[in-house]
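Chemist: Before I ask anything, let me first share the structure, which is written out below as structure tokens.
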Amino acid sequence: MKLKSFKEKNNKKIGVILFTITCILLISGVILCRTFAIFETNDKYDVMNGSVEDPGDIYFAFYKDGVIQKEMPQKDEGYWLDEEKSYCGVLGKKDETMKPTLDRDTWSIVVTGMKTSRTKCNLYFIKTYDETTLFDLSGNKYNGTFKDGAKVQEDEEGNLGIYFDGINDYVDVDDLPESINWEDGFIIEGEFKVKSLNETNWKRIFDFGGTNEQEDNNILLALGNSKFGCNNFCVSFSVRYDQTNREKYVFDFFELEQMVKFKAEYTKLESSYTVKIIKNNKSFVSDIIDTTEFVKNIDRTSNYLGKSNWDEPYFNGYIYSLKITDSNDHVILWYDF
Ligand SMILES: [Ca+2]
């Protein structure tokens with residue numbers, strides 16, 4: 001009897017303690033949720049490809065450099081959505097089929113694959129640049145360093161881009177290790193604006209070279225190439241194999257003072273590669289090259305934007321974005337604003 005009543009008493013005590021702990025947890029939970037709720041927002045944003053008609057059913061939490069914010073960073077603050085890290089979910093559960101992305105033109109969040117209400121998206125913003133550094137948005141940390149006056153600024157239309165004066169400005173890009181797989185094919189794309197056409201003979205937009213700088217399997221994009229009478233607005237894209245140029249050139253590619261989208265697609269087939277040069281989503285050159293002298297996976301330690309590895313003219317204009325993707329759709333390097 002004694003033992004039983006002791007047990008009962010003790011059970012009662014334990015019950016009270018458990019009840020108290022549960023209450024404390026519940027109350028702190030509510031307080032925490034309310035704290036986060038203060039920073040959530042649900043207006044001003046486009047919801048696309050979803051079945052939810054009222055965007056009021058979607059909530060966003062913004063994080064800038066890992067710290068929750070009251071609102072989304074402004075376009076001119078130099079931030080970009082970390083699309084790898086950002087996610088959406090329902091009732092706190094992550095749902096990989098929903099994908100938040102950032103539309104740069106409208107500076108709004110687009111959620112694809114949205115299929116239910118009560119969705120919350122956690123959006124992480126990372127810095128795209130500061131006074132000295134151009135940050136790689138791929139997560140691989142192949143950053144760039146601004147040299148001799150190159151810097152991010154607004155152009156005449158208010159678009160952010162890296163401005164190069166054409167005299168000595170350039171960006172020194174970190175070493176790209178030989179583990180990067182170029183050999184299975186890759187895509188390089190970017191948006192560029194040409195500000196002047198003087199000395200347009202191999203005027204360099206970008207140049208990724210090996211330890212010997214020149215003649216070392218460079219992957220490069222240049223404005224003009226006198227060898228083929230490719231002058232002024234002509235673009236010359238070269239993937240070198242040891243000391244051999246393997247260039248593809250397109251006449252009338254650029255226009256003065258116009259932003260142009262460039263894309264080079266190298267695709268590996270069974271016993272050859274195809275190369276396509278694309279301007280503003282329109283294909284200009286489509287060609288087949290053999291596999292024996294294509295591109296090598298080497299340490300690329302001499303990598304520049306706006307500057308050549310040879311004694312050739314510097315680029316005068318803007319680079320608004322640059323993205324390199326491998327054959328498995330993995331982003332190798334990405335600069336954007
Ligand atoms: Ca300068």
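Here, A, B, ... name the chains of the structure tokens in the order displayed, residue numbers run from 1 inside each chain, and ligands are numbered from 1 in the same displayed order.
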Which residues, written as JSON, numbers by chain, have at least one atom at most 10 Å from segment 192-197 of chain A, with only C-alpha atoms counted and residues fewer than 2 positions away on the same chain left out?

Modeler: {"A": [155, 161, 162, 163, 164, 165, 166, 189, 190, 199, 200, 201, 203, 205, 223, 224, 231, 232, 233, 254, 255, 256, 257, 258, 259, 260, 261, 262, 315, 316, 317, 318, 319, 320, 321, 322]}

Chemist: Using only C-alpha atoms and all ligand atoms, what table do you get, as JSON lines, when you list each residue of chain A with an atom no more than 6 Å from ligand 1, its nearest pair of atoms, and their distance in Å rounded to one decimal, rows by chain then rising number?

Modeler:
```
{"residue": "A:Asp148", "atom": "CA", "partner": "ligand 1", "partner_atom_place_in_ligand_line": "1 (Ca)", "distance": 4.6}
{"residue": "A:Gly149", "atom": "CA", "partner": "ligand 1", "partner_atom_place_in_ligand_line": "1 (Ca)", "distance": 4.2}
{"residue": "A:Asp165", "atom": "CA", "partner": "ligand 1", "partner_atom_place_in_ligand_line": "1 (Ca)", "distance": 5.8}
{"residue": "A:Ile167", "atom": "CA", "partner": "ligand 1", "partner_atom_place_in_ligand_line": "1 (Ca)", "distance": 5.8}
{"residue": "A:Asn168", "atom": "CA", "partner": "ligand 1", "partner_atom_place_in_ligand_line": "1 (Ca)", "distance": 4.8}
{"residue": "A:Asp169", "atom": "CA", "partner": "ligand 1", "partner_atom_place_in_ligand_line": "1 (Ca)", "distance": 4.5}
```

Chemist: Can you write out the residues you just picked, keeping C-alpha atoms, as a compact mmCIF listing (two decimals), in the first residue's frame?

Modeler:
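out11.txt written:
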```
# COMPACT_ATOMS: atom_id res chain seq x y z
CA ASP A 148 43.01 49.02 -62.08
CA GLY A 149 39.59 50.64 -61.83
CA ASP A 165 37.49 51.45 -69.33
CA ILE A 167 42.69 51.17 -70.98
CA ASN A 168 43.79 48.79 -68.23
CA ASP A 169 40.68 47.66 -66.29
```

Chemist: Which of segment 176-308 of chain A counts as strand (DSSP E) under DSSP, as a ChimeraX atom specification please?

Modeler: /A:185-194,203-209,219-225,230-239,247-250,259-268,272-279,282-290,302-305

Chemist: Would you please work out which residue, of A:Thr244, A:Ser108, A:Asn297, A:Thr119, is nearest to Ser179 of chain A when using only C-alpha atoms?

Modeler: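 Result for the nearest residue to Ser179 of chain A: A:Asn297.
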
Chemist: I'd like to know which of A:Tyr304, A:Phe62, A:Tyr79, A:Tyr124 is closest to Gly210 of chain A, using only C-alpha atoms.

Modeler: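 For Gly210 of chain A, the nearest of the given residues is A:Tyr304.
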
Chemist: Taking 4 positions as the minimum chain separation for residues in the same chain, which residues sit within 7 Å of segment 236-243 of chain A when counting only C-alpha atoms? Answer as JSON, numbers by chain.

Modeler: {"A": [215, 216, 217, 218, 219, 220, 221, 222, 223, 224, 225, 247, 248, 249, 250, 293, 294, 295]}

Chemist: One decimal, Å: what's the distance from atom CA of Arg204 of chain A over to atom CA of Glu178 of chain A, could you say?

Modeler: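 Calculated distance between atom CA of Arg204 of chain A and atom CA of Glu178 of chain A is 23.0 Å.
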
Chemist: Calculate how many Å separate atom CA of Asn159 of chain A from atom CA of Asp130 of chain A, rounding to one decimal.

Modeler: 16.5 Å

Chemist: Find the spatial neighbours of Ile188 of chain A, counting only C-alpha atoms, within a cut-off of 8 Å - ignore same-chain residues fewer than 2 positions away - and output them as number ranges by chain.

Modeler: A: 186, 190, 263-265, 322-325

Chemist: Which residue is closest to Leu305 of chain A? Choose from A:Ala61, A:Met114, A:Cys230, A:Val171 and count only C-alpha atoms.

Modeler: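 Nearest candidate to Leu305 of chain A out of A:Ala61, A:Met114, A:Cys230, A:Val171: A:Val171.
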
Chemist: Please, what distance in Å, to one decimal, runs between atom CA of Ile277 of chain A and atom CA of Asp172 of chain A?

Modeler: 25.1 Å

Chemist: Considering only C-alpha atoms, return as a list in words whatever protein or nucleic-acid residues lie within 9 Å of segment 135-144 of chain A, sequence-local ones (same chain, fewer than 6 positions apart) excluded.

Modeler: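 Close residues of segment 135-144 of chain A: Trp80, Leu81, Asp82, Glu84, Ile126, Lys127, Thr128, Tyr129, Val171, Asp172, Val173, Asp174, Asp175, Leu176, Tyr304, Leu305, Lys323, His330, Val331, Ile332, Leu333, Trp334, Tyr335 and Asp336 of chain A.
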
Chemist: From the options A:Thr133, A:Glu154, A:Phe60, A:Gly306, which residue's atoms come nearest to Val111 of chain A, counting only C-alpha atoms?

Modeler: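 Answer, going by the shortest atom-to-atom distance: A:Phe60.
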
Chemist: I'd like the contact shell of Leu269 of chain A - 12 Å cut-off, only C-alpha atoms, skipping same-chain residues fewer than 2 positions apart - returned as a list of chain:residue names.

Modeler: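 With the cut-off at 12 Å, the set is A:Glu183, A:Asp184, A:Gly185, A:Tyr266, A:Thr267, A:Ser271, A:Ser272, A:Tyr273, A:Thr274, A:Val275, A:Ile288, A:Ile289, A:Asp290, A:Thr291, A:Ser327.
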
Chemist: Next, dump the selected residues to file, keeping only C-alpha atoms, as a PDB file, in the first residue's frame.

Modeler:
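part12.pdb, freshly written:
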```pdb
ATOM      1  CA  GLU A 183      36.205  17.600 -71.777  1.00  0.00           C
ATOM      2  CA  ASP A 184      32.654  16.257 -71.587  1.00  0.00           C
ATOM      3  CA  GLY A 185      31.277  19.525 -72.915  1.00  0.00           C
ATOM      4  CA  TYR A 266      29.991  22.692 -76.617  1.00  0.00           C
ATOM      5  CA  THR A 267      28.347  19.289 -76.660  1.00  0.00           C
ATOM      6  CA  SER A 271      33.226  10.756 -81.739  1.00  0.00           C
ATOM      7  CA  SER A 272      32.948  14.506 -82.122  1.00  0.00           C
ATOM      8  CA  TYR A 273      31.812  17.711 -80.520  1.00  0.00           C
ATOM      9  CA  THR A 274      29.222  20.123 -81.782  1.00  0.00           C
ATOM     10  CA  VAL A 275      29.682  23.805 -81.153  1.00  0.00           C
ATOM     11  CA  ILE A 288      31.195  19.843 -85.775  1.00  0.00           C
ATOM     12  CA  ILE A 289      34.752  19.455 -84.512  1.00  0.00           C
ATOM     13  CA  ASP A 290      36.743  16.302 -83.936  1.00  0.00           C
ATOM     14  CA  THR A 291      37.523  14.971 -80.492  1.00  0.00           C
ATOM     15  CA  SER A 327      27.788  18.790 -69.149  1.00  0.00           C
TER      16      SER A 327
END
```
